[in-house]
Structure formats: structure tokens, C-alpha cells
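Colleague: Next up is a structure, given as C-alpha cells.
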Protein chains: 2
Amino acid sequence: MKAKIFVTLKRGVLDPQGKAIAHALNSLGFAEVVDARQGKVIELEIADAPADPLSTRLEAPARLEAMCQKLLANTVIEDYRIEVTS
Amino acid sequence: MKAKIFVTLKRGVLDPQGKAIAHALNSLGFAEVVDARQGKVIELEIADAPADPLSTRLEAPARLEAMCQKLLANTVIEDYRIEVTS
């Protein structure tokens, strides 16, 4: 099973890297770029428990949520979105 | 108009940051995580040309492609995917 986790800075949190990207694009002639924000995407490969693949799938959303809370996102300044594929 | 650009390392390119994430998740008790890869997501805010908003929309895919080629992705080691929203 694969899962993607998108971690982005919350609105209102300063994003200097995004500002640098927007500035660089403007300098390169892409004047239409008004703003840019940079985030992370983390692609996880999750193994099904061989004895009980169904339970892995049922528990996956809660487990992924826990991974985000504990490690992947800093929930003070970042939002996250979980997408389970295949 | 908003656009999202997803930049990920090509398959076969070593991703130490992803490895570190997978290792940390395993240490935290998420033994089901087999592999992790980390990429970037860049959210762009594109201004419509006030005189001709339609042309902005028509040209956007080609312009975004050019932004990726010139600045946002290192096409030797990275793949990118463009998603235009609203």
C-alpha cells in the first residue's frame, strides 16, 4: 500500500523559501507569479501484515495520522493532508 | 489561478532524507513502513493578465512547464508533475 502525505506551512506563517522562489521566477521573466509557497510531500510504502492484510488497510488512516502528529509534521506551524493510494 | 508543482526524486536516485524518515518511523513503532521518499510541492499563485485573462489560462501549462525546466526541478535527478487548480 502506498500513501502520500502533503505537509504545508499554515497560512500566515512566513515562508522565506517560497518568497525566494517567487522572486527568482519573476527575475526569469515569469512576471505573472504573484506568490509561491513551498511544502513537502512524503511518499510512504506500507507493508500489509501477511496474516491479515485487511486489518492493515483498515488501520492505515489512523496510523498515518499518528505518524504525522508524532514525526512528519510540526502541527504548530504546518498543516498536513493524507492520501492513501492503491 | 493557482498551480501546484510536485517535484520528486527519480526512481533509482538515492534519497537519504527519505531513508531517515523511514528509519525514524520504524523506531517510533511504525514497523509497517518499508520505504519513504521525500519530495517538494510548490504552490504558485498566478495573476491573470487584466486585459486578457483567457490567454493567461491558455498559456499557463506551457509557462509552468518552462518554470519547472528552468528553475523548479533539476531534471537530471528529479521528476515533476504540474496540477492547475481553479
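Labels used: A, B, ... for chains in the order of the C-alpha cells, numbers from 1 for residues in each chain, and numbers from 1 for ligands as shown.
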Using only C-alpha atoms, which protein or nucleic acid residues come within 10 Å of Ala22 (chain A)? Drop anything in the same chain fewer than 2 positions from it, and give the result as a list in words.
Modeller: Pro16, Gln17, Gly18, Lys19, Ala20, Ala24, Leu25, Asn26, Ser27, Leu28, Phe30, Ala31, Glu32, Val33, Val34, Asp35, Ala36 and Arg37 of chain A; Leu44 and Glu45 of chain B
Colleague: Hey, what's within 10 Å of Val84 (chain B) if we count only C-alpha atoms and toss same-chain stuff fewer than 2 positions away? As a PDB file with all heavy atoms, in the first residue's frame, please?
Modeller:
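As a result, around_12.pdb now contains:
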```
ATOM      1  N   MET B   1      -5.372  32.400 -10.509  1.00  0.00           N
ATOM      2  CA  MET B   1      -5.231  30.982 -10.797  1.00  0.00           C
ATOM      3  C   MET B   1      -4.152  30.388  -9.886  1.00  0.00           C
ATOM      4  O   MET B   1      -3.183  31.062  -9.577  1.00  0.00           O
ATOM      5  CB  MET B   1      -4.800  30.828 -12.251  1.00  0.00           C
ATOM      6  CG  MET B   1      -4.988  29.459 -12.812  1.00  0.00           C
ATOM      7  SD  MET B   1      -4.573  29.459 -14.568  1.00  0.00           S
ATOM      8  CE  MET B   1      -2.845  29.894 -14.509  1.00  0.00           C
ATOM      9  N   LYS B   2      -4.380  29.162  -9.471  1.00  0.00           N
ATOM     10  CA  LYS B   2      -3.384  28.515  -8.620  1.00  0.00           C
ATOM     11  C   LYS B   2      -2.823  27.281  -9.327  1.00  0.00           C
ATOM     12  O   LYS B   2      -3.546  26.618 -10.071  1.00  0.00           O
ATOM     13  CB  LYS B   2      -4.019  28.075  -7.307  1.00  0.00           C
ATOM     14  CG  LYS B   2      -4.189  29.206  -6.314  1.00  0.00           C
ATOM     15  CD  LYS B   2      -4.812  28.726  -5.029  1.00  0.00           C
ATOM     16  CE  LYS B   2      -5.207  29.857  -4.125  1.00  0.00           C
ATOM     17  NZ  LYS B   2      -4.057  30.555  -3.512  1.00  0.00           N
ATOM     18  N   ALA B   3      -1.570  26.992  -9.087  1.00  0.00           N
ATOM     19  CA  ALA B   3      -0.965  25.785  -9.648  1.00  0.00           C
ATOM     20  C   ALA B   3      -0.102  25.130  -8.583  1.00  0.00           C
ATOM     21  O   ALA B   3       0.481  25.816  -7.735  1.00  0.00           O
ATOM     22  CB  ALA B   3      -0.107  26.147 -10.855  1.00  0.00           C
ATOM     23  N   LYS B   4      -0.101  23.796  -8.610  1.00  0.00           N
ATOM     24  CA  LYS B   4       0.778  23.059  -7.702  1.00  0.00           C
ATOM     25  C   LYS B   4       1.786  22.294  -8.534  1.00  0.00           C
ATOM     26  O   LYS B   4       1.414  21.684  -9.542  1.00  0.00           O
ATOM     27  CB  LYS B   4      -0.028  22.063  -6.872  1.00  0.00           C
ATOM     28  CG  LYS B   4      -0.788  22.713  -5.754  1.00  0.00           C
ATOM     29  CD  LYS B   4      -1.426  21.678  -4.868  1.00  0.00           C
ATOM     30  CE  LYS B   4      -2.252  22.375  -3.800  1.00  0.00           C
ATOM     31  NZ  LYS B   4      -2.985  21.435  -2.965  1.00  0.00           N
ATOM     32  N   ILE B   5       3.025  22.317  -8.107  1.00  0.00           N
ATOM     33  CA  ILE B   5       4.064  21.573  -8.803  1.00  0.00           C
ATOM     34  C   ILE B   5       4.693  20.594  -7.816  1.00  0.00           C
ATOM     35  O   ILE B   5       5.137  20.993  -6.736  1.00  0.00           O
ATOM     36  CB  ILE B   5       5.114  22.534  -9.385  1.00  0.00           C
ATOM     37  CG1 ILE B   5       4.451  23.332 -10.502  1.00  0.00           C
ATOM     38  CG2 ILE B   5       6.311  21.780  -9.920  1.00  0.00           C
ATOM     39  CD1 ILE B   5       5.103  24.629 -10.777  1.00  0.00           C
ATOM     40  N   GLU B  43       3.451  25.629  -4.394  1.00  0.00           N
ATOM     41  CA  GLU B  43       2.150  26.188  -4.741  1.00  0.00           C
ATOM     42  C   GLU B  43       2.350  27.591  -5.295  1.00  0.00           C
ATOM     43  O   GLU B  43       2.908  28.446  -4.605  1.00  0.00           O
ATOM     44  CB  GLU B  43       1.248  26.248  -3.507  1.00  0.00           C
ATOM     45  CG  GLU B  43       0.988  24.879  -2.916  1.00  0.00           C
ATOM     46  CD  GLU B  43       0.110  24.941  -1.667  1.00  0.00           C
ATOM     47  OE1 GLU B  43      -0.335  26.059  -1.326  1.00  0.00           O
ATOM     48  OE2 GLU B  43      -0.110  23.886  -1.044  1.00  0.00           O
ATOM     49  N   LEU B  44       1.903  27.789  -6.512  1.00  0.00           N
ATOM     50  CA  LEU B  44       2.087  29.104  -7.141  1.00  0.00           C
ATOM     51  C   LEU B  44       0.759  29.805  -7.291  1.00  0.00           C
ATOM     52  O   LEU B  44      -0.257  29.187  -7.607  1.00  0.00           O
ATOM     53  CB  LEU B  44       2.716  28.939  -8.532  1.00  0.00           C
ATOM     54  CG  LEU B  44       4.127  28.364  -8.605  1.00  0.00           C
ATOM     55  CD1 LEU B  44       4.549  28.240 -10.062  1.00  0.00           C
ATOM     56  CD2 LEU B  44       5.107  29.238  -7.852  1.00  0.00           C
ATOM     57  N   ARG B  57      -4.775  31.802 -19.067  1.00  0.00           N
ATOM     58  CA  ARG B  57      -5.151  30.429 -18.777  1.00  0.00           C
ATOM     59  C   ARG B  57      -4.682  29.461 -19.865  1.00  0.00           C
ATOM     60  O   ARG B  57      -4.262  28.341 -19.588  1.00  0.00           O
ATOM     61  CB  ARG B  57      -6.676  30.311 -18.646  1.00  0.00           C
ATOM     62  CG  ARG B  57      -7.107  30.388 -17.208  1.00  0.00           C
ATOM     63  CD  ARG B  57      -8.461  30.998 -16.999  1.00  0.00           C
ATOM     64  NE  ARG B  57      -8.448  31.728 -15.738  1.00  0.00           N
ATOM     65  CZ  ARG B  57      -8.635  31.149 -14.552  1.00  0.00           C
ATOM     66  NH1 ARG B  57      -8.885  29.875 -14.462  1.00  0.00           N
ATOM     67  NH2 ARG B  57      -8.574  31.853 -13.447  1.00  0.00           N
ATOM     68  N   ALA B  60      -0.878  29.071 -19.597  1.00  0.00           N
ATOM     69  CA  ALA B  60      -0.345  28.643 -18.301  1.00  0.00           C
ATOM     70  C   ALA B  60       0.398  27.310 -18.349  1.00  0.00           C
ATOM     71  O   ALA B  60       1.516  27.222 -17.829  1.00  0.00           O
ATOM     72  CB  ALA B  60      -1.457  28.613 -17.256  1.00  0.00           C
ATOM     73  N   PRO B  61      -0.162  26.254 -18.947  1.00  0.00           N
ATOM     74  CA  PRO B  61       0.563  24.978 -18.913  1.00  0.00           C
ATOM     75  C   PRO B  61       1.967  25.067 -19.501  1.00  0.00           C
ATOM     76  O   PRO B  61       2.925  24.553 -18.910  1.00  0.00           O
ATOM     77  CB  PRO B  61      -0.327  24.049 -19.749  1.00  0.00           C
ATOM     78  CG  PRO B  61      -1.701  24.630 -19.631  1.00  0.00           C
ATOM     79  CD  PRO B  61      -1.492  26.113 -19.580  1.00  0.00           C
ATOM     80  N   LEU B  64       4.196  27.099 -17.097  1.00  0.00           N
ATOM     81  CA  LEU B  64       4.554  26.336 -15.897  1.00  0.00           C
ATOM     82  C   LEU B  64       5.618  25.290 -16.224  1.00  0.00           C
ATOM     83  O   LEU B  64       6.543  25.055 -15.448  1.00  0.00           O
ATOM     84  CB  LEU B  64       3.304  25.666 -15.314  1.00  0.00           C
ATOM     85  CG  LEU B  64       2.324  26.630 -14.645  1.00  0.00           C
ATOM     86  CD1 LEU B  64       0.975  25.960 -14.438  1.00  0.00           C
ATOM     87  CD2 LEU B  64       2.869  27.112 -13.304  1.00  0.00           C
ATOM     88  N   ILE B  82       2.682  18.794 -12.865  1.00  0.00           N
ATOM     89  CA  ILE B  82       2.028  20.093 -12.722  1.00  0.00           C
ATOM     90  C   ILE B  82       0.523  19.883 -12.593  1.00  0.00           C
ATOM     91  O   ILE B  82      -0.057  19.084 -13.328  1.00  0.00           O
ATOM     92  CB  ILE B  82       2.317  20.978 -13.959  1.00  0.00           C
ATOM     93  CG1 ILE B  82       3.813  21.254 -14.060  1.00  0.00           C
ATOM     94  CG2 ILE B  82       1.531  22.280 -13.902  1.00  0.00           C
ATOM     95  CD1 ILE B  82       4.245  21.845 -15.384  1.00  0.00           C
ATOM     96  N   SER B  86      -8.309  25.737  -9.983  1.00  0.00           N
ATOM     97  CA  SER B  86      -9.150  26.945 -10.032  1.00  0.00           C
ATOM     98  C   SER B  86      -8.610  27.978 -11.011  1.00  0.00           C
ATOM     99  O   SER B  86      -7.773  28.765 -10.689  1.00  0.00           O
ATOM    100  CB  SER B  86      -9.295  27.565  -8.650  1.00  0.00           C
ATOM    101  OG  SER B  86      -8.111  28.171  -8.224  1.00  0.00           O
TER     102      SER B  86
END
```
Colleague: Pull the strand (DSSP E or B) assignments for chain B out of DSSP run on the backbone, and list those residues as a ChimeraX atom specification.
Modeller: /B:2-9,33-46,78-85
Colleague: Let me make sure I understand: among A:Gly29, A:Asp48, A:Lys40, A:Thr56, which one has the smallest atom-to-atom distance to Leu72 (chain A) if we use only C-alpha atoms?
Modeller: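 Counting only C-alpha atoms, the residue closest to Leu72 (chain A) is A:Lys40.
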Colleague: In Å, with one decimal, what is the gap from CA of Glu59 (chain B) to CA of Lys10 (chain B)?
Modeller: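 These atoms are spaced 27.3 Å apart.
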Colleague: So how far away is CA of Lys70 (chain A) from CA of Leu58 (chain A), in Å?
Modeller: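 These two atoms are separated by 20.0 Å.
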Colleague: By how many Å are CA of Gly12 (chain B) and CA of Ala66 (chain B) apart?
Modeller: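 Interatomic distance, CA of Gly12 (chain B) to CA of Ala66 (chain B): 24.9 Å.
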Colleague: Mind listing the alpha helix (DSSP H) residues of chain A, per DSSP on the backbone, as a list in words?
Modeller: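 Residues meeting the alpha helix (DSSP H) criterion: Pro16, Gln17, Gly18, Lys19, Ala20, Ile21, Ala22, His23, Ala24, Leu25, Asn26, Ser27, Pro53, Leu54, Ser55, Thr56, Arg57, Leu58, Glu59, Ala60, Pro61, Ala62, Arg63, Leu64, Glu65, Ala66 and Met67 of chain A.
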Colleague: So, with only C-alpha atoms as the atoms that count, which of A:Ile21, A:Ala73, A:Ala62, A:Ile46 lies closest to chain B?
Modeller: A:Ile46
